[in-house]
$ cat query.txt   # compact mmCIF, C-alpha atoms and all ligand atoms
# COMPACT_ATOMS: atom_id res chain seq x y z
CA MET Y 1 0.00 0.00 0.00
CA ASP Y 2 1.11 3.56 -0.65
CA PHE Y 3 1.68 5.26 2.72
CA SER Y 4 2.80 8.60 1.34
CA VAL Y 5 1.26 11.77 2.74
CA LYS Y 6 1.43 15.40 1.72
CA ILE Y 7 2.21 18.07 4.28
CA GLY Y 8 1.77 21.26 2.26
CA SER Y 9 4.01 20.76 -0.77
CA LEU Y 10 6.20 18.29 1.09
CA VAL Y 11 5.69 14.63 0.25
CA LEU Y 12 6.55 12.12 2.98
CA LYS Y 13 6.96 8.50 1.95
CA ASN Y 14 5.10 7.47 5.10
CA PRO Y 15 3.48 9.30 8.03
CA ILE Y 16 6.18 8.42 10.59
CA LEU Y 17 8.32 11.33 11.77
CA THR Y 18 10.54 11.62 14.82
CA ALA Y 19 9.71 14.25 17.45
CA SER Y 20 12.09 17.11 18.14
CA GLY Y 21 14.43 16.57 21.09
CA THR Y 22 13.91 12.83 21.21
CA PHE Y 23 15.95 11.80 18.17
CA GLY Y 24 19.02 14.01 18.53
CA TYR Y 25 20.06 15.45 15.17
CA GLY Y 26 19.19 12.14 13.51
CA ILE Y 27 22.70 10.78 13.01
CA GLU Y 28 22.81 9.50 16.61
CA TYR Y 29 20.16 6.93 15.60
CA GLU Y 30 21.93 5.68 12.46
CA THR Y 31 23.06 2.49 14.17
CA PHE Y 32 19.50 1.56 15.17
CA GLY Y 33 17.94 1.58 11.71
CA ASP Y 34 17.97 3.02 8.21
CA LEU Y 35 17.19 6.74 8.47
CA LYS Y 36 16.04 6.65 4.83
CA LYS Y 37 13.04 4.54 5.87
CA LEU Y 38 11.49 7.29 7.96
CA GLY Y 39 8.83 9.65 6.64
CA GLY Y 40 10.90 12.53 8.00
CA ILE Y 41 13.34 13.48 10.72
CA VAL Y 42 12.51 16.38 13.00
CA VAL Y 43 15.73 17.45 14.68
CA LYS Y 44 16.37 18.93 18.13
CA GLY Y 45 15.20 22.54 18.51
CA LEU Y 46 17.73 24.96 17.03
CA SER Y 47 18.39 28.55 18.02
CA ILE Y 48 20.58 31.17 16.34
CA ASN Y 49 23.39 30.77 18.87
CA PRO Y 50 24.38 27.57 20.68
CA ARG Y 51 22.63 27.09 24.02
CA GLN Y 52 23.84 25.23 27.08
CA GLY Y 53 20.36 24.49 28.32
CA ASN Y 54 19.39 24.18 31.96
CA MET Y 55 21.77 22.95 34.67
CA GLY Y 56 21.44 20.08 37.15
CA ASP Y 57 18.88 17.28 36.99
CA ARG Y 58 17.02 17.71 33.73
CA ILE Y 59 15.08 14.47 33.34
CA ALA Y 60 13.05 12.25 35.66
CA GLU Y 61 11.08 9.09 35.05
CA THR Y 62 7.41 9.17 36.05
CA PRO Y 63 4.66 6.53 35.84
CA CYS Y 64 3.92 6.01 32.13
CA GLY Y 65 6.13 8.90 31.10
CA MET Y 66 8.96 11.24 31.86
CA LEU Y 67 9.68 14.82 32.78
CA ASN Y 68 12.28 16.93 31.05
CA SER Y 69 13.65 20.35 31.57
CA ILE Y 70 16.45 20.43 29.01
CA GLY Y 71 16.05 24.13 28.28
CA LEU Y 72 16.75 23.79 24.55
CA GLU Y 73 20.41 22.85 24.69
CA ASN Y 74 21.60 22.84 21.08
CA ILE Y 75 24.61 23.51 18.88
CA GLY Y 76 23.07 26.49 17.06
CA ILE Y 77 21.68 26.67 13.53
CA ASN Y 78 24.98 27.35 11.74
CA ALA Y 79 26.85 24.42 13.29
CA PHE Y 80 23.89 22.19 12.47
CA ILE Y 81 23.92 23.29 8.83
CA GLN Y 82 27.69 22.96 8.46
CA ASP Y 83 28.47 19.84 10.47
CA ILE Y 84 25.34 17.70 10.68
CA LEU Y 85 23.10 18.40 7.69
CA PRO Y 86 25.54 17.05 5.07
CA LYS Y 87 25.64 13.73 6.94
CA LEU Y 88 21.86 13.25 6.89
CA PRO Y 89 20.09 11.44 4.00
CA TYR Y 90 18.13 14.58 3.09
CA LYS Y 91 17.57 13.46 -0.51
CA GLN Y 92 15.59 10.41 0.61
CA THR Y 93 14.09 11.63 3.90
CA PRO Y 94 12.97 15.21 4.51
CA ILE Y 95 14.82 16.90 7.33
CA ILE Y 96 12.58 19.17 9.36
CA VAL Y 97 14.30 21.78 11.48
CA ASN Y 98 12.60 22.70 14.74
CA LEU Y 99 13.19 26.41 15.34
CA TYR Y 100 13.34 28.23 18.64
CA GLY Y 101 13.58 31.99 19.03
CA GLU Y 102 13.43 34.27 22.05
CA ASN Y 103 11.68 36.95 20.01
CA ILE Y 104 10.17 37.60 16.58
CA ASN Y 105 13.51 38.80 15.16
CA ASP Y 106 15.14 35.49 16.09
CA PHE Y 107 12.42 33.59 14.28
CA GLU Y 108 12.85 35.82 11.20
CA THR Y 109 16.60 35.26 11.18
CA LEU Y 110 16.22 31.50 11.59
CA SER Y 111 13.68 31.43 8.78
CA LYS Y 112 16.01 33.42 6.47
CA ILE Y 113 18.95 31.11 7.17
CA THR Y 114 17.08 27.83 6.82
CA SER Y 115 14.95 28.75 3.80
CA LYS Y 116 18.11 29.06 1.69
CA ARG Y 117 19.17 25.46 2.32
CA GLU Y 118 17.84 22.97 -0.18
CA GLU Y 119 18.77 20.13 2.20
CA ILE Y 120 16.04 21.30 4.59
CA GLY Y 121 12.56 19.95 3.83
CA ALA Y 122 10.44 22.00 6.22
CA LEU Y 123 10.51 24.29 9.24
CA GLU Y 124 8.74 23.40 12.48
CA VAL Y 125 8.19 26.49 14.57
CA ASN Y 126 8.36 25.75 18.27
CA ILE Y 127 6.05 28.16 20.05
CA SER Y 128 5.45 25.67 22.81
CA CYS Y 129 8.57 24.92 24.85
CA PRO Y 130 7.73 25.07 28.57
CA ASN Y 131 11.37 24.90 29.72
CA VAL Y 132 12.79 28.28 28.73
CA LYS Y 133 12.38 31.68 30.35
CA GLN Y 134 11.97 33.65 27.13
CA GLY Y 135 10.10 32.78 23.96
CA GLY Y 136 8.76 29.25 23.75
CA ILE Y 137 5.42 28.75 25.37
CA GLN Y 138 4.67 32.45 25.78
CA PHE Y 139 4.12 32.66 22.00
CA GLY Y 140 1.96 29.58 21.97
CA GLN Y 141 -0.50 30.69 24.62
CA ASP Y 142 -1.89 33.71 22.89
CA GLU Y 143 -3.55 33.75 19.46
CA LYS Y 144 -2.06 37.07 18.42
CA SER Y 145 1.52 36.18 19.39
CA ALA Y 146 1.23 32.74 17.78
CA ALA Y 147 0.00 34.35 14.55
CA LYS Y 148 2.78 36.96 14.64
CA VAL Y 149 5.51 34.33 14.93
CA CYS Y 150 3.93 32.31 12.14
CA GLU Y 151 3.70 35.36 9.84
CA ALA Y 152 7.31 36.30 10.59
CA VAL Y 153 8.58 32.84 9.68
CA LYS Y 154 6.36 32.57 6.58
CA LYS Y 155 7.58 35.96 5.32
CA HIS Y 156 11.12 34.65 4.92
CA ALA Y 157 10.49 30.94 4.43
CA GLY Y 158 10.17 31.14 0.63
CA SER Y 159 8.81 27.84 -0.63
CA LYS Y 160 9.60 25.96 2.58
CA VAL Y 161 6.70 24.27 4.30
CA VAL Y 162 6.02 25.88 7.68
CA ILE Y 163 4.65 23.69 10.47
CA VAL Y 164 3.64 25.41 13.71
CA LYS Y 165 3.98 23.29 16.85
CA LEU Y 166 1.34 24.04 19.44
CA SER Y 167 1.37 23.91 23.21
CA PRO Y 168 -1.26 21.91 25.09
CA ASN Y 169 -1.03 24.41 27.92
CA VAL Y 170 -3.95 26.57 26.72
CA SER Y 171 -7.63 26.71 27.52
CA ASP Y 172 -8.78 26.47 23.89
CA ILE Y 173 -6.34 24.93 21.44
CA LYS Y 174 -8.79 25.42 18.55
CA LYS Y 175 -8.39 29.19 18.74
CA ILE Y 176 -4.59 29.03 18.49
CA ALA Y 177 -4.81 26.49 15.66
CA LYS Y 178 -7.16 28.69 13.66
CA ALA Y 179 -5.01 31.76 14.29
CA VAL Y 180 -1.87 30.11 12.88
CA GLU Y 181 -3.76 28.68 9.92
CA LEU Y 182 -4.98 32.19 9.10
CA ALA Y 183 -1.41 33.47 9.52
CA GLY Y 184 -0.30 31.13 6.74
CA ALA Y 185 0.88 27.94 8.47
CA ASP Y 186 1.06 25.01 6.03
CA ALA Y 187 0.53 22.47 8.81
CA ILE Y 188 0.15 22.21 12.56
CA SER Y 189 1.87 19.77 14.89
CA LEU Y 190 0.72 19.05 18.43
CA ILE Y 191 1.26 18.50 21.30
CA ASN Y 192 4.41 19.61 23.07
CA THR Y 193 4.94 18.52 26.67
CA ILE Y 194 2.63 19.36 29.57
CA PRO Y 195 4.06 21.32 32.52
CA ALA Y 196 4.33 18.95 35.49
CA MET Y 197 6.52 18.05 38.48
CA ALA Y 198 7.80 15.16 40.57
CA VAL Y 199 9.25 15.20 44.09
CA ASP Y 200 11.50 12.98 46.20
CA ILE Y 201 10.08 12.74 49.75
CA TYR Y 202 13.33 11.36 51.21
CA LYS Y 203 15.45 14.18 49.87
CA ARG Y 204 12.52 16.60 50.24
CA ARG Y 205 13.45 17.96 46.87
CA PRO Y 206 11.92 18.27 43.43
CA LYS Y 207 13.30 15.65 41.05
CA LEU Y 208 14.16 18.36 38.52
CA THR Y 209 16.53 21.18 39.46
CA ASN Y 210 14.19 23.50 37.57
CA VAL Y 211 11.31 22.14 39.76
CA ILE Y 212 8.81 22.10 36.88
CA GLY Y 213 9.39 20.34 33.58
CA GLY Y 214 7.46 18.96 30.62
CA LEU Y 215 5.60 15.66 30.89
CA SER Y 216 5.71 13.35 27.87
CA GLY Y 217 5.16 9.69 27.05
CA PRO Y 218 2.11 7.38 27.16
CA ALA Y 219 0.69 9.36 30.12
CA ILE Y 220 -0.17 12.24 27.78
CA LYS Y 221 -1.50 10.25 24.81
CA PRO Y 222 -5.21 10.62 25.63
CA ILE Y 223 -4.76 14.38 25.99
CA ALA Y 224 -2.87 14.60 22.70
CA LEU Y 225 -5.50 12.51 20.95
CA ARG Y 226 -8.26 14.77 22.24
CA MET Y 227 -6.45 17.90 21.12
CA VAL Y 228 -5.64 16.55 17.66
CA TYR Y 229 -9.30 15.53 17.32
CA GLU Y 230 -10.41 19.05 18.31
CA VAL Y 231 -7.97 20.79 16.00
CA VAL Y 232 -8.78 18.75 12.87
CA GLN Y 233 -12.42 19.82 13.23
CA VAL Y 234 -11.55 23.49 12.81
CA VAL Y 235 -8.62 23.72 10.35
CA ASN Y 236 -8.17 22.75 6.71
CA ILE Y 237 -4.42 22.21 6.85
CA PRO Y 238 -2.75 18.89 7.73
CA VAL Y 239 -2.31 18.10 11.41
CA ILE Y 240 0.63 16.10 12.76
CA GLY Y 241 -0.15 14.20 15.96
CA ILE Y 242 2.42 13.96 18.77
CA GLY Y 243 2.16 12.62 22.30
CA GLY Y 244 2.84 9.25 23.83
CA ILE Y 245 2.92 7.31 20.59
CA SER Y 246 4.72 4.04 21.20
CA SER Y 247 3.18 1.48 18.85
CA VAL Y 248 1.78 1.17 15.35
CA GLU Y 249 -1.71 0.94 16.91
CA ASP Y 250 -1.12 4.35 18.51
CA VAL Y 251 -0.20 5.73 15.06
CA PHE Y 252 -3.50 4.57 13.59
CA GLU Y 253 -5.41 6.02 16.57
CA PHE Y 254 -4.10 9.45 15.64
CA ILE Y 255 -4.88 8.89 11.95
CA LEU Y 256 -8.41 7.77 12.87
CA VAL Y 257 -9.07 11.05 14.67
CA GLY Y 258 -7.78 12.93 11.63
CA ALA Y 259 -3.99 13.30 11.73
CA HIS Y 260 -2.06 13.19 8.45
CA ALA Y 261 1.19 12.17 10.10
CA VAL Y 262 2.61 11.54 13.56
CA GLN Y 263 5.83 12.05 15.47
CA ILE Y 264 7.41 9.45 17.74
CA GLY Y 265 8.90 11.11 20.82
CA SER Y 266 9.87 9.75 24.24
CA ALA Y 267 9.30 6.18 23.04
CA ASN Y 268 12.59 6.54 21.10
CA PHE Y 269 14.35 6.56 24.48
CA THR Y 270 12.79 3.27 25.59
CA ASN Y 271 13.49 1.61 22.25
CA PRO Y 272 15.80 3.52 19.91
CA ALA Y 273 14.78 1.26 17.01
CA LEU Y 274 11.04 1.89 17.53
CA SER Y 275 10.47 4.50 14.80
CA PHE Y 276 12.00 2.15 12.22
CA GLU Y 277 10.01 -0.83 13.56
CA ILE Y 278 6.79 1.15 13.34
CA VAL Y 279 7.50 1.97 9.67
CA ASP Y 280 8.00 -1.76 9.08
CA SER Y 281 4.67 -2.64 10.69
CA LEU Y 282 2.48 -0.12 8.84
CA GLN Y 283 1.49 -2.62 6.15
CA ILE Y 284 0.67 -5.36 8.68
CA MET Y 285 -1.58 -2.94 10.54
CA ALA Y 286 -3.26 -1.76 7.33
CA ASN Y 287 -4.02 -5.41 6.51
CA LYS Y 288 -5.49 -5.95 9.99
CA LEU Y 289 -7.67 -2.89 9.55
CA ASN Y 290 -8.60 -4.02 6.06
CA ILE Y 291 -7.73 -0.70 4.41
CA ASN Y 292 -6.09 0.05 1.07
CA SER Y 293 -5.24 3.70 1.67
CA LEU Y 294 -4.72 6.06 4.57
CA GLU Y 295 -7.45 8.34 3.20
CA GLU Y 296 -10.13 5.73 3.78
CA PHE Y 297 -9.18 5.64 7.49
CA ARG Y 298 -8.12 9.22 8.24
CA GLY Y 299 -10.70 11.10 10.31
CA LYS Y 300 -13.21 8.28 9.88
CA LEU Y 301 -13.97 7.89 13.59
CA ILE Y 302 -17.55 6.72 14.02
CA ILE Y 303 -19.28 8.80 16.67
C1 LIG Y 401 13.98 15.31 26.25
C2 LIG Y 401 13.00 16.04 25.38
C3 LIG Y 401 13.44 17.14 24.63
C4 LIG Y 401 12.53 17.84 23.81
N1 LIG Y 401 12.97 18.89 23.06
C5 LIG Y 401 12.10 19.55 22.23
C6 LIG Y 401 12.56 20.60 21.38
O1 LIG Y 401 13.74 20.95 21.33
N2 LIG Y 401 11.64 21.22 20.59
C7 LIG Y 401 10.31 20.85 20.59
O2 LIG Y 401 9.52 21.44 19.85
N3 LIG Y 401 9.87 19.83 21.36
C8 LIG Y 401 10.73 19.18 22.17
N4 LIG Y 401 10.28 18.14 22.94
C9 LIG Y 401 8.85 17.73 22.88
C10 LIG Y 401 8.63 16.54 21.94
O3 LIG Y 401 9.02 16.83 20.62
C11 LIG Y 401 7.15 16.08 21.96
O4 LIG Y 401 6.35 17.13 21.51
C12 LIG Y 401 6.69 15.65 23.34
O5 LIG Y 401 7.70 14.95 24.04
C13 LIG Y 401 5.43 14.79 23.31
O6 LIG Y 401 5.64 13.60 22.59
P1 LIG Y 401 6.01 12.19 23.32
O7 LIG Y 401 5.00 12.00 24.42
O8 LIG Y 401 5.89 11.17 22.24
O9 LIG Y 401 7.39 12.33 23.85
C14 LIG Y 401 11.17 17.42 23.76
C15 LIG Y 401 10.75 16.31 24.51
C16 LIG Y 401 11.64 15.61 25.31
C17 LIG Y 401 11.15 14.42 26.09

$ encode --input "query.txt" --output "structure tokens"
Amino acid sequence: MDFSVKIGSLVLKNPILTASGTFGYGIEYETFGDLKKLGGIVVKGLSINPRQGNMGDRIAETPCGMLNSIGLENIGINAFIQDILPKLPYKQTPIIVNLYGENINDFETLSKITSKREEIGALEVNISCPNVKQGGIQFGQDEKSAAKVCEAVKKHAGSKVVIVKLSPNVSDIKKIAKAVELAGADAISLINTIPAMAVDIYKRRPKLTNVIGGLSGPAIKPIALRMVYEVVQVVNIPVIGIGGISSVEDVFEFILVGAHAVQIGSANFTNPALSFEIVDSLQIMANKLNINSLEEFRGKLII
């Protein structure tokens, strides 16, 4: 069966992408599977300058998930373009750069730099990181700010597909989704992590030095599914589902509620070969579901 999907003008050979921050810059996973198999690789969030991220304890395991407070540690956009990008199989698998800016100017600069690189397939605009003091989630919680960031990126993105990644930490995700669609987004991805905390009663301390971090993993899947379901009702652009996906069944759950593609996140830490294995099991699952195309299943939830 043909598993290809279109995200704006970008054609993915299958709907399986990796989620930013959980698959390094891609090359780290080369030994676990063939990167060329994946529908796309979304790399760790990139800023204009390198960032050290937060200090101290930055991850903690929780029931059915994990907390992280990495604080967007990354090598910076230029080092990524020079040192990593040439090593990635960008001709066979679209490379999607996840962009982080502290302000609108940063997003414009990142868009200018990345739009010139033919090796880059699409831009994912992160307006949803809960672990940084400036930028991040503050753009994703307000319709006007979300739209402004999207417009700024689109203005310089040329023909690059622009995906806006939404935060679940809002009272009405539909409003933000509509605002970024109106601002020109080619697609929407959701969800980022959910602010949460864990404590150690013996040490009487929070498990994360930053106290609060982002919850991810199977614990958040029902929330992600609900939000994807809500967003697909109100927008006409493709939606990419993210949150707790750890099996091929999970992938089809997101497609059933209307997602065009999905991203595998924290599950890559439990099994670094998982994204590749899921690609390999798409056909088996399609046979089980008795379908001949993704279209005949996408959004076909019977209510
Ligand atoms: C350790 C870690 C680092 C992350 N870094 C980023 C990032 O740089 N940019 C971003 O947009 N999302 C980042 N995320 C969020 C994931 O891409 C994803 O949206 C979230 O973890 C939910 O998916 P999951 O439950 O499958 O992990 C990160 C998540 C984790 C666990």

$ residues_around --input "query.txt" --residues "Thr93 (chain Y)" --least-positions-apart "6" --cutoff "8 Å" --atoms "only C-alpha atoms" --output "list of chain:residue names"
Y:Leu12, Y:Leu35, Y:Lys36, Y:Lys37, Y:Leu38, Y:Gly39, Y:Gly40, Y:Ile41

$ atom_distance --input "query.txt" --atom1 "CA of Ile104 (chain Y)" --atom2 "CA of Ala152 (chain Y)"
6.8 Å

$ residues_near_ligand --input "query.txt" --ligand "ligand LIG 401 (chain Y)" --cutoff "6 Å" --atoms "all atoms listed in the file" --output "list in words"
Ala19, Ser20, Gly21, Thr22, Lys44, Gly45, Asn68, Leu72, Asn126, Ile191, Asn192, Thr193, Ser216, Gly217, Ile242, Gly243, Gly244, Ile245, Ile264, Gly265 and Ser266 of chain Y

$ residues_near_point --input "query.txt" --point "(-3.2, 5.6, 25.9)" --cutoff "10 Å" --atoms "only C-alpha atoms" --output "list in words"
Cys64, Gly217, Pro218, Ala219, Ile220, Lys221, Pro222, Ile223, Ala224, Leu225, Gly243, Gly244, Ile245, Ser246, Asp250 and Glu253 of chain Y

$ atom_distance --input "query.txt" --atom1 "CA of His260 (chain Y)" --atom2 "CA of Ile95 (chain Y)"
17.3 Å

$ axis_aligned_box --input "query.txt" --around "region 259-271 of chain Y" --padding-each-side "6 Å" --output "JSON"
{"center_x": 5.2, "center_y": 7.5, "center_z": 17.0, "size_x": 30.3, "size_y": 23.7, "size_z": 29.1}

$ closest_residue --input "query.txt" --among "Y:Val257, Y:Ile284, Y:Leu274, Y:Val211" --to "Ala60 (chain Y)" --atoms "only C-alpha atoms"
Y:Val211

$ decode --input "query.txt" --residues "region 101-120 of chain Y" --atoms "N, CA, C and O atoms" --output "short mmCIF file (atom, residue, chain, number, x, y, z; two decimals), in the first residue's frame"
data_model
loop_
_atom_site.label_atom_id
_atom_site.label_comp_id
_atom_site.auth_asym_id
_atom_site.auth_seq_id
_atom_site.Cartn_x
_atom_site.Cartn_y
_atom_site.Cartn_z
N GLY Y 101 13.10 30.62 18.91
CA GLY Y 101 13.58 31.99 19.03
C GLY Y 101 13.08 32.62 20.32
O GLY Y 101 12.01 32.26 20.81
N GLU Y 102 13.88 33.58 20.83
CA GLU Y 102 13.43 34.27 22.05
C GLU Y 102 12.48 35.40 21.71
O GLU Y 102 11.74 35.89 22.56
N ASN Y 103 12.56 35.86 20.44
CA ASN Y 103 11.68 36.95 20.01
C ASN Y 103 11.41 36.81 18.50
O ASN Y 103 12.00 35.94 17.85
N ILE Y 104 10.58 37.70 17.99
CA ILE Y 104 10.17 37.60 16.58
C ILE Y 104 11.39 37.72 15.65
O ILE Y 104 11.49 37.03 14.65
N ASN Y 105 12.32 38.62 16.01
CA ASN Y 105 13.51 38.80 15.16
C ASN Y 105 14.29 37.50 15.02
O ASN Y 105 14.78 37.18 13.94
N ASP Y 106 14.43 36.78 16.13
CA ASP Y 106 15.14 35.49 16.09
C ASP Y 106 14.46 34.55 15.10
O ASP Y 106 15.12 33.89 14.29
N PHE Y 107 13.14 34.50 15.17
CA PHE Y 107 12.42 33.59 14.28
C PHE Y 107 12.62 34.01 12.82
O PHE Y 107 12.77 33.18 11.93
N GLU Y 108 12.64 35.33 12.58
CA GLU Y 108 12.85 35.82 11.20
C GLU Y 108 14.23 35.41 10.70
O GLU Y 108 14.39 34.92 9.58
N THR Y 109 15.23 35.61 11.56
CA THR Y 109 16.60 35.26 11.18
C THR Y 109 16.72 33.77 10.89
O THR Y 109 17.30 33.36 9.88
N LEU Y 110 16.15 32.96 11.78
CA LEU Y 110 16.22 31.50 11.59
C LEU Y 110 15.53 31.09 10.29
O LEU Y 110 16.00 30.21 9.56
N SER Y 111 14.42 31.74 10.00
CA SER Y 111 13.68 31.43 8.78
C SER Y 111 14.51 31.81 7.54
O SER Y 111 14.57 31.05 6.56
N LYS Y 112 15.16 32.98 7.60
CA LYS Y 112 16.01 33.42 6.47
C LYS Y 112 17.13 32.42 6.22
O LYS Y 112 17.41 32.05 5.09
N ILE Y 113 17.79 32.02 7.31
CA ILE Y 113 18.95 31.11 7.17
C ILE Y 113 18.51 29.75 6.61
O ILE Y 113 19.09 29.23 5.66
N THR Y 114 17.45 29.20 7.19
CA THR Y 114 17.08 27.83 6.82
C THR Y 114 16.39 27.75 5.46
O THR Y 114 16.51 26.74 4.76
N SER Y 115 15.68 28.83 5.07
CA SER Y 115 14.95 28.75 3.80
C SER Y 115 15.90 28.67 2.61
O SER Y 115 15.52 28.22 1.53
N LYS Y 116 17.15 29.09 2.80
CA LYS Y 116 18.11 29.06 1.69
C LYS Y 116 18.71 27.68 1.47
O LYS Y 116 19.40 27.45 0.49
N ARG Y 117 18.51 26.77 2.41
CA ARG Y 117 19.17 25.46 2.32
C ARG Y 117 18.27 24.43 1.67
O ARG Y 117 17.23 24.07 2.22
N GLU Y 118 18.69 23.95 0.51
CA GLU Y 118 17.84 22.97 -0.18
C GLU Y 118 17.79 21.63 0.56
O GLU Y 118 16.88 20.83 0.35
N GLU Y 119 18.77 21.40 1.45
CA GLU Y 119 18.77 20.13 2.20
C GLU Y 119 17.64 20.09 3.23
O GLU Y 119 17.32 19.02 3.75
N ILE Y 120 17.09 21.26 3.56
CA ILE Y 120 16.04 21.30 4.59
C ILE Y 120 14.66 21.18 3.95
O ILE Y 120 14.33 21.92 3.02
#
